[in-house]
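Notes for the one structure printed next.
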Amino acid sequence: MQDKHLSPLNLVSRLEDTLLAMFLASFIGNPLHINSFKLGIIFVIVTIIWDILSYLCFTYSIEDKQIVIKKGVIFKKVIHVPYARIQSIEHSQFFLFRPFDVEKLQINNASKSGSRDQIILSAVKTYVGAILEEKHKQYQNQDIDDNDEVEKTEVAKIEDKAEEETTKSSDYAQYKISTKDIALYTFTSFRVFITMFLIAHITHGAVLDFAISIYQKGFGSNMVSLIAFSIMAIIIALLLSFIYTMFQFYDFTLVKEGKYLEYEKGLFTRNKVRLSTDRIQSVLVEQNVMGKLLKIMTVKIIMASDGNDAESSQAVVLPILNSHKYTEMMNDFFEWIPLKTVKKFNSRKRSIWLFFRNFDWILLIIPIVIYFVGWTTLSDSLVVIGVFTFFYTLGNAYFKYRVSSIGLTGDTKDDYLIVSNGFLFKQRTYYVGWHEIQSMRFESSVFMKRNNLAHIVIRIRKGDSAQIAGVHYIDYDGAKKIYDWYRQ
C-alpha cells in the first residue's frame with residue numbers, strides 16, 4: 001500500500017483545537033491588554049492552518065512486514081513499526097463516524113519510548129484496521145530480525161490448518177455483560193460518592209446550597225426527613241453513576257478464540273481491542289467490601305505497551321464475575337494460570353497494629369495544634385476528623401491483615417506467584433508468572449527481623465512503566481522461600 005492520508009473526518013476531530021485556541025485567547029487577552037476577540041480570531045486562523053498542514057503532512061503506508069508513518073510540518077519524522085513488535089491494536093469508533101465507516105486506531109508496540117512514538121491513526125477506514133489485525137496475527141510469533149522465511153511443505157500447511165481449526169472450535173469462550181451486571185458494577189464501585197463529590201466541586205457548592213434550602217423549606221429539620229432526603233440524594237447520584245457506567249460498558253463483550261482475547265464496549269464511542277494472551281503480564285482480580293458481601297469481583301489484565309493510558313496498560317475484561325463462577329471463568333479465559341496455591345504465607349496478626357501505626361501517627365498533630373492554637377471551631381473539626389480517621393484506618397488495617405497473602409503454585413520457573421493485598425477496603429490479587437516479574441525486593445529491617453517479619457515487593461511491566469505489588473509483615477522464613485524461588 002502506498003502512502004495514504006487519513007480520512008478528511010480527521011479535521012472534524014480537530015475542532016477541539018479551535019475551541020482550545022479560543023479559550024487561550026480569552027485567558028491571556030485581558031492581562032496583556034489585547035482585544036480577546038481579535039486575538040481569538042488570529043489564534044483560530046493559525047490553528048486551522050496548522051491542523052490542515054498537519055493533516056497533509058501525515059501519511060501512513062502498510063507494507064509487508066511493517067507499517068510506516070510519516071509526519072511533521074516543520075520537523076519531518078518517519079516511524080517504522082514492525083508487525084511482530086505490536087502488542088495490541090485498539091479500535092474506537094465515534095457514533096458520528098459510523099455511517100462513514102471510519103474509526104480511530106491506536107497501535108501499541110513493545111518499545112519503552114513512551115507516548116512519543118505511539119502510533120495513532122485518528123481517522124481511517126475500518127478495512128485498514130482489519131488489514132493491520134491480519135498482519136499482526138501473521139507475524140505474532142515471528143522474530144522481526146529474521147529475514148529468512150522458512151518454507152513449509154504442502155503437508156505441513158494442511159496439518160497446521162487442521163490444527164488451527166481444531167483449536168478454534170475447542171478453545172473458545174465468551175462473556176457478555178447484562179444490565180443487571182452494570183447496575184451491580186455501579187453499586188459496588190463506590191462511584192456514587194465520587195459522583196456526589198464531583199457535582200459539589202464543579203458547581204462550587206451551589207447544588208449543595210440549593211439542596212439544603214429546598215430541604216429546609218420543604219421538610220423542616222427533623223431526623224426522619226433528613227434521612228429521607230439523604231437517601232434521595234444517594235439515589236440520584238447512583239442513577240447518574242449508572243448512566244455513566246452504561247455509556248462506558250454498554251454491550252460489553254469478551255471473546256477468547258485460541259490465543260487471542262478480544263473485547264468490545266461503549267455506547268457513543270465503540271472501543272474494540274484484540275490482543276494475544278502471550279502479551280499479558282499479569283491478571284488482576286479486584287474485590288472491595290461491597291463485592292465481598294455480594295460475592296462478586298472484577299477481573300483486569302495488565303499489559304506491556306508503549307502507552308501509559310488505562311486502555312493500553314490495564315483493561316477491565318470481566319467487569320462483574322460471580323464467586324461461584326470464578327474457577328470456571330478463569331479456566332475458560334486464562335487456562336494457563338494455575339489457581340491452586342501449593343505454598344501460601346499470610347500476614348502475621350501483629351500486622352494489624354503495624355498497619356494502623358504506620359499511618360495513624362499523623363493524628364498526634366491534632367492535640368499539638370489544639371495545644372498551641374487553643375480550643376476553637378477549628379479544633380472541633382479536627383477532633384471529628386481525627387475520630388473518623390482513627391476508626392477508618394483501624395478498620396482498614398484489619399482488612400489488610402485479613403486479605404494480605406502471597407503464594408506459589410509450584411517450585412519451578414513455569415509456576416505462578418499469587419500476591420494478594422488490600423488498600424482502602426479493596427482487595428487486589430495478582431497472578432503473575434516468573435518470567436513476567438521485572439524485579440523482586442526482599443525487605444526486613446533489624447526490628448522486623450527481630451520479630452521474624454519481612455516484606456516482599458515485586459515490579460510488573462505495566463504500559464511503559466511498572467505496577468508495584470507486594471505483601472507486608474509476613475513470616476521471615478516464608479518471605480525467604482518466595483525470594484529464593486525468584487532467584488533460582
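A note on labels: chains of the C-alpha cells are A, B, ... as shown, every chain counts residues from 1, and ligands are counted from 1 in their shown order.
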(request) Would you list the contacts of Phe252 of chain A as a ChimeraX atom specification, taking every protein, DNA or RNA residue within 10 Å and counting only C-alpha atoms, but skipping same-chain residues closer than 2 positions in sequence? (result) /A:175-178,182,246,248-250,254,263-267,270-272,317-319
Selected residues written out, C-alpha atoms, as a short mmCIF file (atom, residue, chain, number, x, y, z; two decimals), in the first residue's frame:
```
data_model
loop_
_atom_site.label_atom_id
_atom_site.label_comp_id
_atom_site.auth_asym_id
_atom_site.auth_seq_id
_atom_site.Cartn_x
_atom_site.Cartn_y
_atom_site.Cartn_z
CA TYR A 175 -18.68 -13.29 28.19
CA LYS A 176 -21.39 -10.69 27.69
CA ILE A 177 -22.45 -8.14 30.26
CA SER A 178 -26.09 -7.62 31.20
CA ILE A 182 -23.85 -2.94 35.02
CA MET A 246 -23.81 2.30 30.89
CA GLN A 248 -18.74 3.00 29.30
CA PHE A 249 -19.67 -0.69 29.34
CA TYR A 250 -22.69 -0.78 27.03
CA LEU A 254 -15.29 -10.50 25.74
CA TYR A 263 -13.22 -7.17 23.99
CA GLU A 264 -15.66 -4.57 22.71
CA LYS A 265 -17.60 -1.93 24.62
CA GLY A 266 -19.09 1.57 24.58
CA LEU A 267 -22.27 3.37 23.52
CA ARG A 270 -17.36 1.93 20.41
CA ASN A 271 -13.97 0.55 21.52
CA LYS A 272 -12.55 -2.78 20.37
CA VAL A 317 -12.03 -7.82 30.84
CA LEU A 318 -14.62 -9.22 33.28
CA PRO A 319 -16.40 -6.27 34.97
#
```
(request) Go through A:Thr429, A:Val124, A:Ala237, A:Asp415 one by one, measure the shortest atom-to-atom distance of each to Val285 of chain A using only C-alpha atoms, and give the residue with the smallest value. (result)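 Of all the options, A:Thr429 lies closest to Val285 of chain A.
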(request) In Å, rounded to a single decimal, give me how far atom CA of Lys104 of chain A is from atom CA of Arg14 of chain A. (result)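 Calculated distance between atom CA of Arg14 of chain A and atom CA of Lys104 of chain A is 13.0 Å.
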(message) I need the residues in segment 320-439 of chain A that are strand (DSSP E) according to DSSP; give them as JSON, numbers by chain.
(response) {"A": [320, 321, 322, 343, 344, 345, 346, 405, 406, 407, 408, 416, 417, 418, 419, 420, 421, 422, 423, 426, 427, 428, 429, 430, 431, 432, 433, 437, 438, 439]}
Those selected residues, please, written with N, CA and C atoms and delivered as an mmCIF file, in the first residue's frame.
```
data_model
loop_
_atom_site.group_PDB
_atom_site.id
_atom_site.type_symbol
_atom_site.label_atom_id
_atom_site.label_comp_id
_atom_site.auth_asym_id
_atom_site.auth_seq_id
_atom_site.Cartn_x
_atom_site.Cartn_y
_atom_site.Cartn_z
ATOM 1 N N ILE A 320 -17.942 -7.826 35.988
ATOM 2 C CA ILE A 320 -18.646 -8.466 37.094
ATOM 3 C C ILE A 320 -18.523 -9.981 36.952
ATOM 4 N N LEU A 321 -17.945 -10.605 37.973
ATOM 5 C CA LEU A 321 -17.783 -12.058 37.975
ATOM 6 C C LEU A 321 -18.257 -12.599 39.310
ATOM 7 N N ASN A 322 -19.257 -13.474 39.277
ATOM 8 C CA ASN A 322 -19.772 -14.079 40.500
ATOM 9 C C ASN A 322 -18.770 -15.090 41.054
ATOM 10 N N LYS A 343 2.114 -23.345 48.122
ATOM 11 C CA LYS A 343 2.668 -22.705 49.317
ATOM 12 C C LYS A 343 2.013 -21.341 49.470
ATOM 13 N N LYS A 344 1.545 -21.038 50.670
ATOM 14 C CA LYS A 344 0.868 -19.772 50.905
ATOM 15 C C LYS A 344 1.276 -19.219 52.263
ATOM 16 N N PHE A 345 1.574 -17.920 52.292
ATOM 17 C CA PHE A 345 2.004 -17.267 53.520
ATOM 18 C C PHE A 345 1.157 -16.015 53.723
ATOM 19 N N ASN A 346 0.562 -15.905 54.906
ATOM 20 C CA ASN A 346 -0.308 -14.770 55.233
ATOM 21 C C ASN A 346 0.429 -13.783 56.128
ATOM 22 N N SER A 405 -1.721 -11.855 51.541
ATOM 23 C CA SER A 405 -1.095 -13.170 51.474
ATOM 24 C C SER A 405 -0.261 -13.250 50.209
ATOM 25 N N ILE A 406 0.638 -14.220 50.180
ATOM 26 C CA ILE A 406 1.431 -14.477 48.986
ATOM 27 C C ILE A 406 1.630 -15.985 48.860
ATOM 28 N N GLY A 407 1.492 -16.489 47.656
ATOM 29 C CA GLY A 407 1.567 -17.938 47.476
ATOM 30 C C GLY A 407 2.204 -18.325 46.159
ATOM 31 N N LEU A 408 2.602 -19.578 46.064
ATOM 32 C CA LEU A 408 3.204 -20.139 44.853
ATOM 33 C C LEU A 408 2.378 -21.322 44.381
ATOM 34 N N TYR A 416 3.455 -19.885 39.027
ATOM 35 C CA TYR A 416 2.958 -18.523 39.205
ATOM 36 C C TYR A 416 3.024 -18.085 40.656
ATOM 37 N N LEU A 417 3.186 -16.770 40.807
ATOM 38 C CA LEU A 417 3.143 -16.135 42.109
ATOM 39 C C LEU A 417 1.777 -15.481 42.261
ATOM 40 N N ILE A 418 1.118 -15.697 43.380
ATOM 41 C CA ILE A 418 -0.193 -15.114 43.648
ATOM 42 C C ILE A 418 -0.044 -14.154 44.823
ATOM 43 N N VAL A 419 -0.156 -12.859 44.532
ATOM 44 C CA VAL A 419 0.031 -11.817 45.542
ATOM 45 C C VAL A 419 -1.315 -11.163 45.827
ATOM 46 N N SER A 420 -1.708 -11.153 47.092
ATOM 47 C CA SER A 420 -2.974 -10.543 47.493
ATOM 48 C C SER A 420 -2.697 -9.487 48.548
ATOM 49 N N ASN A 421 -3.191 -8.274 48.304
ATOM 50 C CA ASN A 421 -3.036 -7.210 49.292
ATOM 51 C C ASN A 421 -4.291 -6.356 49.318
ATOM 52 N N GLY A 422 -4.335 -5.405 50.232
ATOM 53 C CA GLY A 422 -5.525 -4.574 50.386
ATOM 54 C C GLY A 422 -5.170 -3.120 50.558
ATOM 55 N N PHE A 423 -6.031 -2.256 50.023
ATOM 56 C CA PHE A 423 -5.855 -0.810 50.176
ATOM 57 C C PHE A 423 -7.219 -0.150 50.051
ATOM 58 N N LYS A 426 -10.201 -2.409 49.531
ATOM 59 C CA LYS A 426 -10.286 -3.129 48.268
ATOM 60 C C LYS A 426 -9.162 -4.161 48.210
ATOM 61 N N GLN A 427 -9.534 -5.410 47.958
ATOM 62 C CA GLN A 427 -8.551 -6.483 47.836
ATOM 63 C C GLN A 427 -8.109 -6.615 46.385
ATOM 64 N N ARG A 428 -6.791 -6.686 46.185
ATOM 65 C CA ARG A 428 -6.224 -6.893 44.862
ATOM 66 C C ARG A 428 -5.405 -8.178 44.870
ATOM 67 N N THR A 429 -5.700 -9.065 43.929
ATOM 68 C CA THR A 429 -4.978 -10.323 43.811
ATOM 69 C C THR A 429 -4.318 -10.394 42.444
ATOM 70 N N TYR A 430 -2.992 -10.501 42.422
ATOM 71 C CA TYR A 430 -2.223 -10.544 41.181
ATOM 72 C C TYR A 430 -1.779 -11.980 40.905
ATOM 73 N N TYR A 431 -2.012 -12.442 39.685
ATOM 74 C CA TYR A 431 -1.459 -13.702 39.203
ATOM 75 C C TYR A 431 -0.354 -13.352 38.206
ATOM 76 N N VAL A 432 0.871 -13.621 38.574
ATOM 77 C CA VAL A 432 1.991 -13.228 37.715
ATOM 78 C C VAL A 432 3.010 -14.358 37.636
ATOM 79 N N GLY A 433 3.454 -14.666 36.411
ATOM 80 C CA GLY A 433 4.431 -15.721 36.199
ATOM 81 C C GLY A 433 5.848 -15.265 36.490
ATOM 82 N N ILE A 437 7.876 -11.148 35.982
ATOM 83 C CA ILE A 437 8.311 -10.314 37.103
ATOM 84 C C ILE A 437 9.553 -9.541 36.686
ATOM 85 N N GLN A 438 9.479 -8.224 36.719
ATOM 86 C CA GLN A 438 10.644 -7.397 36.380
ATOM 87 C C GLN A 438 11.700 -7.437 37.471
ATOM 88 N N SER A 439 11.253 -7.350 38.709
ATOM 89 C CA SER A 439 12.183 -7.423 39.833
ATOM 90 C C SER A 439 11.414 -7.798 41.093
#
```
(request) Using only C-alpha atoms, find the one residue out of A:Ile120, A:Leu284, A:Leu364, A:Met297 that sits nearest to Tyr185 of chain A. (result) A:Met297
(request) Rank nothing, just name the residue among A:Leu275, A:Met290, A:Met303, A:Ile370 nearest to Phe425 of chain A, using only C-alpha atoms. (result)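 Residue with the minimum atom-to-atom distance to Phe425 of chain A: A:Met290.
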Using only C-alpha atoms, I'd like a table of the residues in segment 255-300 of chain A that come within 10 Å of segment 130-139 of chain A; for each, show the closest atom pair and its distance in Å rounded to one decimal, ordered by chain and ascending number, as a Markdown table.
```
| residue | atom | partner | partner_atom | distance |
| --- | --- | --- | --- | --- |
| A:Tyr260 | CA | A:Lys137 | CA | 9.3 |
| A:Arg274 | CA | A:Glu133 | CA | 8.1 |
| A:Leu275 | CA | A:Lys137 | CA | 9.2 |
| A:Ser276 | CA | A:Lys137 | CA | 8.6 |
```
For N, CA, C and O atoms, I'd like the residues from the last selection saved as a PDB file, in the first residue's frame.
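The resulting part-v8.pdb:
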```
ATOM      1  N   TYR A 260      -6.052 -15.611  21.510  1.00  0.00           N
ATOM      2  CA  TYR A 260      -6.390 -14.193  21.408  1.00  0.00           C
ATOM      3  C   TYR A 260      -7.599 -13.853  22.272  1.00  0.00           C
ATOM      4  O   TYR A 260      -8.551 -14.629  22.370  1.00  0.00           O
ATOM      5  N   ARG A 274      -8.055  -6.223  20.336  1.00  0.00           N
ATOM      6  CA  ARG A 274      -7.701  -7.630  20.159  1.00  0.00           C
ATOM      7  C   ARG A 274      -6.233  -7.772  20.538  1.00  0.00           C
ATOM      8  O   ARG A 274      -5.386  -7.042  20.039  1.00  0.00           O
ATOM      9  N   LEU A 275      -5.942  -8.693  21.441  1.00  0.00           N
ATOM     10  CA  LEU A 275      -4.562  -8.870  21.888  1.00  0.00           C
ATOM     11  C   LEU A 275      -4.256 -10.337  22.122  1.00  0.00           C
ATOM     12  O   LEU A 275      -5.155 -11.146  22.365  1.00  0.00           O
ATOM     13  N   SER A 276      -2.980 -10.651  22.034  1.00  0.00           N
ATOM     14  CA  SER A 276      -2.530 -12.021  22.266  1.00  0.00           C
ATOM     15  C   SER A 276      -2.367 -12.259  23.760  1.00  0.00           C
ATOM     16  O   SER A 276      -1.868 -11.394  24.488  1.00  0.00           O
TER      17      SER A 276
END
```
(request) Quote the spacing between atom CA of Ser92 of chain A and atom CA of Leu15 of chain A in Å to one decimal place. (result) 18.0 Å
(message) Considering only C-alpha atoms, can you say which of A:His91, A:Lys325, A:Lys340, A:Lys259 comes closest to Gly410 of chain A?
(response)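 When distances to Gly410 of chain A are compared using only C-alpha atoms, the smallest one comes from A:Lys340.
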(request) Mind checking which residues fall within 10 Å of segment 56-58 of chain A, counting only C-alpha atoms, ignoring those fewer than 3 positions away in the same chain, and posting them as a list in words? (result)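 Counting only the stated atoms, we get Asp3, Lys4, His5, Leu6, Pro8, Trp50, Asp51, Ile52, Leu53, Ile69, Lys70, Lys71, Gly72, Val73, Ile74, Lys76, Lys77, Val78 and Leu121 of chain A.
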(request) Work out how far apart atom CA of Ala304 of chain A and atom CA of Asn109 of chain A are and give it in Å to one decimal. (result)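 Separating atom CA of Ala304 of chain A from atom CA of Asn109 of chain A is a distance of 8.5 Å.
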